[in-house]
$ cat coords-v5.cif   # mmCIF, C-alpha atoms and all ligand atoms
data_run
loop_
_atom_site.label_atom_id
_atom_site.label_comp_id
_atom_site.auth_asym_id
_atom_site.auth_seq_id
_atom_site.Cartn_x
_atom_site.Cartn_y
_atom_site.Cartn_z
CA MET V 1 6.69 68.34 -22.32
CA PHE V 2 4.31 67.18 -24.96
CA GLU V 3 7.28 65.77 -26.81
CA LYS V 4 8.18 63.79 -23.73
CA VAL V 5 4.68 62.25 -23.69
CA GLU V 6 5.01 61.32 -27.33
CA GLU V 7 8.42 59.83 -26.85
CA LEU V 8 7.28 57.73 -23.89
CA THR V 9 4.18 56.60 -25.80
CA LYS V 10 6.41 55.22 -28.52
CA GLU V 11 8.61 53.50 -26.00
CA ILE V 12 5.69 51.92 -24.21
CA LYS V 13 4.26 50.60 -27.46
CA ALA V 14 7.60 49.16 -28.48
CA SER V 15 8.45 47.63 -25.12
CA VAL V 16 8.93 43.91 -24.72
CA ALA V 17 9.43 41.61 -21.71
CA GLU V 18 11.03 38.25 -22.27
CA SER V 19 11.85 37.62 -18.65
CA GLN V 20 10.59 38.49 -15.19
CA GLU V 21 13.48 40.94 -14.87
CA GLU V 22 12.46 42.82 -18.01
CA LEU V 23 8.89 42.91 -16.85
CA GLU V 24 9.97 44.31 -13.51
CA ARG V 25 12.09 46.95 -15.25
CA TYR V 26 9.04 47.99 -17.25
CA ARG V 27 6.94 48.14 -14.12
CA LEU V 28 9.43 50.33 -12.27
CA ARG V 29 9.75 52.67 -15.20
CA PHE V 30 6.12 53.12 -16.26
CA ILE V 31 3.82 51.88 -13.53
CA ALA V 32 5.50 52.39 -10.19
CA ARG V 33 4.73 55.43 -8.09
CA LYS V 34 8.16 56.84 -8.61
CA GLY V 35 8.23 56.03 -12.33
CA GLU V 36 8.42 58.35 -15.30
CA LEU V 37 4.66 58.69 -15.72
CA ALA V 38 4.25 59.73 -12.13
CA SER V 39 6.72 62.53 -12.75
CA LEU V 40 4.69 63.65 -15.77
CA PHE V 41 1.74 64.15 -13.45
CA GLN V 42 3.87 66.29 -11.21
CA GLN V 43 4.81 68.48 -14.14
CA LEU V 44 1.17 69.36 -14.69
CA LYS V 45 1.52 72.33 -12.38
CA ASP V 46 4.20 73.88 -14.65
CA VAL V 47 2.02 73.70 -17.75
CA PRO V 48 0.41 77.02 -18.78
CA ASN V 49 -3.24 77.18 -17.77
CA GLU V 50 -4.68 77.13 -21.25
CA ARG V 51 -2.91 73.83 -22.03
CA LYS V 52 -3.45 72.12 -18.67
CA ARG V 53 -6.55 70.32 -19.81
CA GLU V 54 -4.90 69.04 -22.97
CA PHE V 55 -1.82 67.89 -21.10
CA GLY V 56 -3.90 66.25 -18.38
CA GLN V 57 -5.76 64.24 -20.98
CA ALA V 58 -2.56 63.19 -22.69
CA VAL V 59 -1.05 62.04 -19.41
CA ASN V 60 -4.14 60.07 -18.49
CA GLU V 61 -4.10 58.38 -21.85
CA ILE V 62 -0.50 57.40 -21.60
CA LYS V 63 -1.13 56.06 -18.10
CA LYS V 64 -3.91 53.84 -19.43
CA LEU V 65 -1.70 52.80 -22.34
CA ALA V 66 1.10 51.85 -19.94
CA GLN V 67 -1.22 49.73 -17.81
CA ASP V 68 -2.75 47.94 -20.78
CA ARG V 69 0.67 47.23 -22.17
CA PHE V 70 1.76 45.92 -18.76
CA LYS V 71 -1.08 43.39 -18.80
CA GLU V 72 -0.15 42.34 -22.31
CA LEU V 73 3.45 41.85 -21.29
CA ILE V 74 2.42 39.72 -18.29
CA ASN V 75 0.20 37.52 -20.47
CA GLY V 76 2.84 37.23 -23.13
CA LEU V 77 5.43 36.15 -20.61
CA GLU V 78 3.13 33.51 -19.07
CA ASN V 79 2.26 32.04 -22.46
CA ASN V 80 5.88 31.93 -23.35
CA GLN V 81 6.74 30.06 -20.19
CA ASN V 82 3.90 27.59 -20.67
CA ASN V 83 4.98 26.87 -24.19
CA ARG V 84 8.53 26.42 -23.13
CA GLN V 85 7.52 24.08 -20.27
CA ALA V 86 5.33 22.03 -22.57
CA SER V 87 8.08 21.53 -25.06
CA ASP V 88 10.70 20.84 -22.38
CA LEU V 89 8.56 18.09 -20.86
CA ASP V 90 9.87 14.68 -21.85
CA LEU V 91 7.27 12.15 -20.83
CA THR V 92 9.54 9.26 -21.73
CA LEU V 93 12.11 10.05 -19.03
CA PRO V 94 12.09 7.68 -16.02
CA ALA V 95 10.75 9.20 -12.79
CA GLU V 96 13.51 10.65 -10.64
CA ASP V 97 12.29 9.38 -7.29
CA PRO V 98 9.47 6.86 -7.66
CA ILE V 99 6.78 7.56 -5.10
CA GLY V 100 5.30 4.48 -3.52
CA ALA V 101 6.45 1.06 -2.48
CA ILE V 102 5.15 -2.46 -2.21
CA HIS V 103 2.92 -2.73 0.87
CA PRO V 104 4.60 -4.84 3.59
CA ILE V 105 1.70 -7.30 3.55
CA THR V 106 2.05 -7.77 -0.20
CA ALA V 107 5.83 -8.04 0.10
CA THR V 108 5.49 -10.69 2.81
CA ARG V 109 2.86 -12.61 0.84
CA ASN V 110 5.08 -12.55 -2.25
CA ARG V 111 8.02 -13.79 -0.23
CA ILE V 112 5.98 -16.67 1.23
CA ILE V 113 4.74 -17.63 -2.25
CA GLU V 114 8.23 -17.47 -3.66
CA ILE V 115 9.61 -19.80 -0.96
CA PHE V 116 6.91 -22.44 -1.41
CA LYS V 117 7.05 -22.23 -5.21
CA ARG V 118 10.67 -23.33 -5.05
CA ILE V 119 9.61 -26.62 -3.48
CA GLY V 120 6.86 -27.38 -5.94
CA PHE V 121 3.80 -25.59 -4.54
CA ASN V 122 1.50 -23.73 -6.92
CA VAL V 123 -0.91 -20.94 -5.95
CA SER V 124 -4.70 -21.36 -5.68
CA ASP V 125 -7.47 -18.89 -5.03
CA GLY V 126 -11.01 -19.06 -3.68
CA PRO V 127 -13.98 -16.83 -2.82
CA GLU V 128 -14.06 -14.40 0.11
CA ILE V 129 -17.84 -14.72 0.34
CA GLU V 130 -18.37 -18.37 1.09
CA ASP V 131 -21.16 -20.80 1.95
CA ASP V 132 -21.24 -22.39 5.37
CA TRP V 133 -20.38 -25.82 3.96
CA HIS V 134 -17.03 -24.80 2.44
CA ASN V 135 -16.04 -22.57 5.36
CA PHE V 136 -17.08 -24.97 8.15
CA THR V 137 -18.97 -28.21 7.54
CA ALA V 138 -16.65 -29.76 4.94
CA LEU V 139 -13.73 -28.89 7.23
CA ASN V 140 -15.23 -31.13 9.88
CA PHE V 141 -16.90 -28.39 11.92
CA PRO V 142 -20.32 -30.06 12.43
CA PRO V 143 -23.29 -27.64 12.66
CA ASN V 144 -23.63 -26.31 16.22
CA HIS V 145 -20.29 -27.83 17.21
CA PRO V 146 -18.45 -25.70 19.80
CA ALA V 147 -15.37 -25.61 17.52
CA ARG V 148 -17.21 -23.01 15.47
CA GLU V 149 -16.80 -20.68 18.43
CA MET V 150 -13.10 -20.49 17.60
CA GLN V 151 -13.89 -18.11 14.76
CA ASP V 152 -16.39 -15.31 15.39
CA THR V 153 -18.09 -15.06 12.03
CA PHE V 154 -19.79 -12.39 9.90
CA PHE V 155 -22.93 -14.02 8.49
CA ILE V 156 -24.25 -12.11 5.52
CA GLU V 157 -27.21 -14.38 4.70
CA LYS V 158 -29.21 -16.94 6.63
CA ASP V 159 -30.74 -20.17 5.25
CA PRO V 160 -28.66 -21.02 3.40
CA ASP V 161 -25.93 -19.44 5.49
CA MET V 162 -23.38 -17.31 3.66
CA VAL V 163 -20.37 -15.95 5.50
CA LEU V 164 -17.32 -13.79 4.95
CA ARG V 165 -14.74 -16.56 5.09
CA THR V 166 -13.10 -16.79 8.48
CA HIS V 167 -9.97 -18.48 7.11
CA THR V 168 -8.39 -19.51 3.83
CA SER V 169 -9.08 -23.18 4.63
CA ASN V 170 -12.16 -22.98 2.39
CA VAL V 171 -9.80 -22.98 -0.59
CA GLN V 172 -8.48 -26.41 0.48
CA ILE V 173 -12.01 -27.77 0.02
CA ARG V 174 -12.52 -26.04 -3.33
CA LEU V 175 -9.19 -27.37 -4.54
CA MET V 176 -9.84 -30.94 -3.42
CA GLN V 177 -13.28 -30.90 -5.02
CA SER V 178 -12.08 -29.64 -8.35
CA GLN V 179 -8.85 -31.60 -8.87
CA LYS V 180 -7.49 -35.08 -8.44
CA PRO V 181 -4.54 -35.67 -6.11
CA PRO V 182 -1.63 -35.37 -5.94
CA PHE V 183 -1.60 -31.61 -5.32
CA ARG V 184 0.66 -29.22 -3.53
CA SER V 185 -0.70 -25.72 -3.28
CA ILE V 186 -0.59 -22.54 -1.26
CA MET V 187 -3.58 -20.26 -0.99
CA PRO V 188 -3.10 -16.64 0.06
CA GLY V 189 -6.07 -14.40 0.74
CA ARG V 190 -8.10 -12.05 2.86
CA VAL V 191 -10.18 -13.32 5.78
CA PHE V 192 -12.75 -11.77 8.10
CA ARG V 193 -13.67 -12.15 11.75
CA ASN V 194 -15.84 -10.25 14.17
CA GLU V 195 -12.91 -9.03 16.26
CA ALA V 196 -12.50 -5.69 18.00
CA ILE V 197 -9.67 -3.80 16.33
CA SER V 198 -6.56 -3.53 18.49
CA ALA V 199 -2.77 -3.66 18.23
CA ARG V 200 -2.99 -7.46 17.91
CA ALA V 201 -6.32 -8.15 16.17
CA HIS V 202 -8.33 -6.86 13.22
CA CYS V 203 -11.62 -7.78 11.61
CA ILE V 204 -9.90 -8.06 8.21
CA PHE V 205 -6.57 -9.79 7.86
CA HIS V 206 -4.62 -12.11 5.59
CA GLN V 207 -3.66 -15.75 5.68
CA VAL V 208 -1.73 -18.23 3.60
CA GLU V 209 -3.03 -21.76 3.59
CA GLY V 210 -0.98 -24.73 2.46
CA LEU V 211 -2.10 -28.18 1.36
CA TYR V 212 -0.20 -31.23 0.18
CA VAL V 213 -2.17 -34.37 -0.64
CA ALA V 214 -0.59 -37.42 -2.25
CA GLU V 215 0.15 -41.06 -1.46
CA ASN V 216 2.29 -41.64 1.62
CA VAL V 217 2.47 -38.05 2.85
CA SER V 218 3.49 -38.12 6.50
CA PHE V 219 4.10 -35.78 9.41
CA LYS V 220 7.78 -35.98 8.51
CA ASP V 221 7.01 -34.23 5.20
CA LEU V 222 5.06 -31.58 7.08
CA LYS V 223 7.95 -30.94 9.45
CA GLU V 224 10.63 -30.75 6.77
CA THR V 225 8.54 -28.46 4.57
CA LEU V 226 7.81 -26.02 7.35
CA TYR V 227 11.37 -26.18 8.65
CA TYR V 228 12.57 -25.19 5.19
CA PHE V 229 10.06 -22.35 5.12
CA ALA V 230 11.07 -21.03 8.55
CA LYS V 231 14.76 -20.95 7.61
CA GLU V 232 14.13 -19.25 4.29
CA MET V 233 11.82 -16.69 5.85
CA PHE V 234 13.62 -15.91 9.10
CA GLY V 235 17.21 -16.96 8.48
CA LYS V 236 19.30 -20.11 8.42
CA ASP V 237 19.72 -20.31 12.21
CA THR V 238 16.01 -20.49 12.82
CA ASP V 239 14.81 -23.43 14.86
CA ILE V 240 11.27 -24.78 15.02
CA ARG V 241 9.18 -26.69 17.52
CA PHE V 242 5.71 -28.22 17.38
CA ARG V 243 3.14 -28.10 20.17
CA PRO V 244 0.06 -30.35 20.10
CA SER V 245 -3.10 -28.40 19.34
CA TYR V 246 -6.62 -28.83 18.02
CA PHE V 247 -8.18 -27.98 14.67
CA PRO V 248 -11.29 -29.84 13.46
CA PHE V 249 -9.86 -30.43 9.99
CA THR V 250 -6.50 -31.93 10.98
CA GLU V 251 -5.56 -34.95 13.10
CA PRO V 252 -3.09 -34.77 14.70
CA SER V 253 -2.88 -30.99 14.87
CA ALA V 254 -0.06 -28.77 16.01
CA GLU V 255 1.04 -25.21 16.38
CA MET V 256 4.50 -24.37 15.16
CA ASP V 257 6.85 -21.94 16.91
CA ILE V 258 10.06 -20.46 15.64
CA SER V 259 13.01 -19.71 17.87
CA CYS V 260 13.49 -16.18 19.01
CA ASP V 261 17.03 -16.19 20.42
CA LEU V 262 18.88 -16.85 17.22
CA LEU V 263 21.93 -14.79 16.58
CA LYS V 264 22.92 -13.67 20.03
CA PRO V 265 22.20 -16.35 22.60
CA GLY V 266 20.40 -14.90 25.56
CA THR V 267 18.72 -12.12 23.62
CA CYS V 268 15.61 -12.43 21.52
CA LYS V 269 16.23 -11.70 17.87
CA LEU V 270 12.61 -11.30 16.93
CA CYS V 271 11.77 -9.16 19.95
CA GLY V 272 14.86 -7.03 19.43
CA GLY V 273 16.07 -7.96 22.92
CA THR V 274 12.89 -6.74 24.61
CA LYS V 275 11.33 -10.20 25.07
CA ASN V 276 7.90 -8.65 24.68
CA ILE V 277 6.94 -10.94 21.81
CA CYS V 278 8.29 -14.27 23.02
CA LYS V 279 7.63 -13.30 26.65
CA GLY V 280 11.08 -14.52 27.50
CA THR V 281 10.34 -18.09 26.38
CA GLY V 282 12.56 -17.86 23.28
CA TRP V 283 9.71 -19.20 21.09
CA VAL V 284 7.05 -17.46 18.98
CA GLU V 285 4.04 -19.16 17.42
CA ILE V 286 3.71 -18.58 13.68
CA LEU V 287 1.21 -21.11 12.33
CA GLY V 288 -1.24 -23.95 12.79
CA CYS V 289 -0.85 -27.25 10.94
CA GLY V 290 -1.59 -30.95 10.94
CA MET V 291 -2.41 -34.05 8.93
CA VAL V 292 -5.61 -33.62 6.92
CA ASP V 293 -8.42 -35.38 8.78
CA PRO V 294 -9.73 -38.39 6.75
CA ASN V 295 -13.25 -36.96 7.15
CA VAL V 296 -12.18 -33.88 5.21
CA LEU V 297 -10.67 -35.93 2.39
CA GLU V 298 -13.82 -38.03 2.18
CA SER V 299 -16.15 -35.03 2.16
CA CYS V 300 -14.30 -33.89 -0.97
CA GLY V 301 -14.55 -37.31 -2.59
CA ILE V 302 -10.90 -38.30 -2.01
CA ASP V 303 -10.12 -41.88 -0.96
CA SER V 304 -8.60 -41.52 2.51
CA GLN V 305 -7.26 -45.09 2.40
CA LYS V 306 -5.13 -44.24 -0.59
CA TYR V 307 -4.22 -40.61 0.05
CA THR V 308 -2.93 -38.67 3.01
CA GLY V 309 -2.01 -35.05 3.30
CA PHE V 310 -0.84 -32.21 5.46
CA ALA V 311 -2.16 -28.69 5.77
CA PHE V 312 -1.07 -25.50 7.44
CA GLY V 313 -2.30 -21.93 7.83
CA MET V 314 -0.51 -18.77 8.88
CA GLY V 315 -1.41 -15.11 9.30
CA ILE V 316 0.51 -12.85 6.93
CA GLU V 317 0.28 -9.88 9.32
CA ARG V 318 1.90 -11.96 12.03
CA ILE V 319 4.78 -13.01 9.79
CA ALA V 320 5.28 -9.42 8.62
CA MET V 321 5.19 -8.10 12.19
CA LEU V 322 7.87 -10.55 13.25
CA LYS V 323 9.99 -9.99 10.19
CA TYR V 324 9.91 -6.19 10.35
CA GLN V 325 9.43 -5.85 14.13
CA ILE V 326 6.13 -4.02 13.75
CA LYS V 327 4.40 -3.59 17.08
CA ASP V 328 0.88 -2.57 16.03
CA LEU V 329 -1.29 -4.39 13.48
CA ARG V 330 -3.33 -1.27 12.77
CA LEU V 331 -0.37 0.33 11.01
CA PHE V 332 -0.95 -1.98 8.04
CA THR V 333 -4.29 -0.39 7.20
CA GLU V 334 -3.85 3.22 8.29
CA ASN V 335 -2.01 4.27 5.12
CA ASP V 336 0.40 6.47 7.03
CA ILE V 337 3.13 7.43 4.59
CA ARG V 338 5.68 7.65 7.39
CA PHE V 339 5.09 3.93 7.99
CA LEU V 340 4.73 2.78 4.38
CA GLY V 341 7.72 4.85 3.24
CA GLN V 342 9.99 2.68 5.36
CA PHE V 343 9.45 -0.27 3.01
CA LYS V 344 10.77 1.52 -0.08
CA THR V 345 13.57 -0.97 -0.55
CA GLU V 346 10.98 -3.65 -1.24
CA VAL V 347 10.06 -2.06 -4.60
N1 LIG V 401 -7.67 -22.18 9.65
C1 LIG V 401 -6.93 -22.06 10.89
C2 LIG V 401 -7.26 -20.70 11.50
O1 LIG V 401 -7.62 -19.80 10.81
C3 LIG V 401 -5.44 -22.12 10.63
C4 LIG V 401 -5.02 -23.50 10.23
C5 LIG V 401 -4.63 -24.41 11.21
C6 LIG V 401 -5.04 -23.88 8.91
C7 LIG V 401 -4.26 -25.68 10.88
C8 LIG V 401 -4.66 -25.17 8.56
C9 LIG V 401 -4.26 -26.06 9.56
O2 LIG V 401 -4.66 -25.61 7.28
O3 LIG V 401 -3.90 -27.31 9.22
O4 LIG V 401 -7.13 -20.56 12.70
#
$ encode --input "coords-v5.cif" --output "C-alpha cells" --more "lines below"
Ligand code: DAH
Amino acid sequence: MFEKVEELTKEIKASVAESQEELERYRLRFIARKGELASLFQQLKDVPNERKREFGQAVNEIKKLAQDRFKELINGLENNQNNRQASDLDLTLPAEDPIGAIHPITATRNRIIEIFKRIGFNVSDGPEIEDDWHNFTALNFPPNHPAREMQDTFFIEKDPDMVLRTHTSNVQIRLMQSQKPPFRSIMPGRVFRNEAISARAHCIFHQVEGLYVAENVSFKDLKETLYYFAKEMFGKDTDIRFRPSYFPFTEPSAEMDISCDLLKPGTCKLCGGTKNICKGTGWVEILGCGMVDPNVLESCGIDSQKYTGFAFGMGIERIAMLKYQIKDLRLFTENDIRFLGQFKTEV
C-alpha cells in the first residue's frame, strides 16, 4: 500500500495537461471523489493499527500534492492558451463584419452636398452660436418685427444678444461679407429652436442652405437648380411645384413641393401608398426659397443694382424622412441600434 502511494506521488509530479481534456482526466483520477486517492483513504481501515498514523499522514500529503499540482496544471493551461491567442492575433486583418454605419442624417447631408457640387456649388460653414445681427437683422428681420416669431429662439446672452442659430441662413451673411460675388455655395449645419420634441419637431435639427449670387441670376435659375436637385435626390420622375410664401430675406419667396405620386399613378410613392405624408394631395413640401432681398445684399455691402441672387433652405431630417420613409424624427437621435443598423448599406 505504501508502494502504491509512492507510485502515485511520482505520477502526480510527472503529470502534464496540455488540453482541457487532459486536465479533466487528471481531475477524475486524482481529485474526484471516486478517484484513486479517495480509494487510498478507504484502504486506511485495512492498515495494521501501528502503521495507521503513518499511512494517514502519507495519504494526506499526497492529497495536498495532488491539489497543488491541479492548480499548477490549470494555471499552466491558461497561460498556454493566452500565449497562443496572443500570437494567433493578426491585427492587420480586415474586420470580418464592420460594426457601425453612416448615420442617415450624415448620409443624406453627403448626398445633398454631392448633388450640388456637381453643378458648381462649394461648401461653406459658419458658427452655431451667433449674434443677433447675423441670425436676424442682416437677414431683414428688423428688431421687434413679428417675423422673428417664426423661429422660437434660444437666447444665451442679452445685450448684445447672442443666440443658438435658428437656421443656417446666418452663413449666407458671413459668406457675403467675406467674399466678393459671384458665389455659389451650400451650407450644411446644425440649428436650434425652442420646440417641444415630438415625432415631427425637435429642438436640434439640421439644415442645408444654398446661395447663388452673380450678375443676372433670375428665378429661372432657381427653378432649374432645384428641379435638378429634386430629380437627383428623389428620382428622375420627380416633379416640382412652387407656392408663394414669405421669408424676410427673399423677395419673392416660395415653398417648393415635390410630387408624391411618381411611379404608380394614384398611389403616393413617398407615403408608401398611405397618403399620410402628402395628405392625399400628391405634393410634399421640402424647402423654402426665393430671390435674395436687395436689402440683404446691401447689408453685406453688395451692390444690389449689379448683382442678384437666389437662396434656399431645407431641413435634412425632412429629406431623410421622405427618402427612407421614416415616420418619427426622434429616431435620429435615440441611437437605437435596431434603427441605425438598417442603414448599413450606406457605409
Ligand atoms: N431659413 C428658413 C427657415 O429656417 C429657410 C429658408 C427659406 C432659407 C427661404 C432660405 C430661403 O435661404 O431662401 O425656415
$ closest_atom_pairs --input "coords-v5.cif" --of "stretch 91-124 of chain V" --to "stretch 326-341 of chain V" --cutoff "10 Å" --atoms "all atoms listed in the file" --output "Markdown table"
| residue | atom | partner | partner_atom | distance |
| --- | --- | --- | --- | --- |
| V:Ile99 | CA | V:Gly341 | CA | 8.8 |
| V:Gly100 | CA | V:Gly341 | CA | 7.2 |
| V:Ala101 | CA | V:Gly341 | CA | 7.0 |
| V:Ile102 | CA | V:Leu340 | CA | 8.4 |
| V:His103 | CA | V:Leu340 | CA | 6.8 |
| V:Pro104 | CA | V:Leu340 | CA | 7.7 |
| V:Ile105 | CA | V:Phe332 | CA | 7.4 |
$ residues_near_ligand --input "coords-v5.cif" --ligand "ligand LIG 401 (chain V)" --cutoff "9 Å" --atoms "all atoms listed in the file" --output "JSON, numbers by chain"
{"V": [150, 151, 166, 167, 168, 169, 170, 172, 191, 207, 208, 209, 210, 211, 245, 246, 247, 248, 249, 250, 251, 253, 254, 255, 287, 288, 289, 290, 291, 292, 310, 311, 312, 313, 314, 315]}
$ atom_distance --input "coords-v5.cif" --atom1 "atom CA of V:Asn194" --atom2 "atom CA of V:Leu297"
28.7 Å
$ closest_residue --input "coords-v5.cif" --among "V:Thr92, V:Asn75, V:Asn83, V:Thr106" --to "V:Ile319" --atoms "only C-alpha atoms"
V:Thr106
$ closest_residue --input "coords-v5.cif" --among "V:Met187, V:Val284, V:Leu222, V:Ile302" --to "V:Leu322" --atoms "all atoms listed in the file"
V:Val284
$ closest_residue --input "coords-v5.cif" --among "V:Glu114, V:Glu24, V:Asp125, V:Glu18" --to "V:Gly189" --atoms "all atoms listed in the file"
V:Asp125
$ atom_distance --input "coords-v5.cif" --atom1 "atom CA of V:Glu128" --atom2 "atom CA of V:Val163"
8.4 Å
$ closest_residue --input "coords-v5.cif" --among "V:Val47, V:Met176, V:Ile62, V:Ala230" --to "V:Glu7" --atoms "only C-alpha atoms"
V:Ile62
$ residues_around --input "coords-v5.cif" --residues "stretch 135-138 of chain V" --least-positions-apart "3" --cutoff "7 Å" --atoms "only C-alpha atoms" --output "list in words"
Glu130, Asp131, Asp132, Phe141, Pro142, Pro143, Arg165, Asn170, Val296 and Ser299 of chain V
$ atom_distance --input "coords-v5.cif" --atom1 "atom CA of V:Phe55" --atom2 "atom CA of V:Lys4"
11.1 Å
$ closest_atom_pairs --input "coords-v5.cif" --of "stretch 223-324 of chain V" --to "stretch 214-218 of chain V" --cutoff "10 Å" --atoms "all atoms listed in the file" --output "JSON lines"
{"residue": "V:Lys223", "atom": "CA", "partner": "V:Ser218", "partner_atom": "CA", "distance": 9.0}
{"residue": "V:Gly290", "atom": "CA", "partner": "V:Ser218", "partner_atom": "CA", "distance": 9.8}
{"residue": "V:Met291", "atom": "CA", "partner": "V:Ser218", "partner_atom": "CA", "distance": 7.6}
{"residue": "V:Ser304", "atom": "CA", "partner": "V:Glu215", "partner_atom": "CA", "distance": 9.6}
{"residue": "V:Gln305", "atom": "CA", "partner": "V:Glu215", "partner_atom": "CA", "distance": 9.3}
{"residue": "V:Lys306", "atom": "CA", "partner": "V:Glu215", "partner_atom": "CA", "distance": 6.2}
{"residue": "V:Tyr307", "atom": "CA", "partner": "V:Glu215", "partner_atom": "CA", "distance": 4.6}
{"residue": "V:Thr308", "atom": "CA", "partner": "V:Val217", "partner_atom": "CA", "distance": 5.4}
{"residue": "V:Gly309", "atom": "CA", "partner": "V:Val217", "partner_atom": "CA", "distance": 5.4}
{"residue": "V:Phe310", "atom": "CA", "partner": "V:Val217", "partner_atom": "CA", "distance": 7.2}
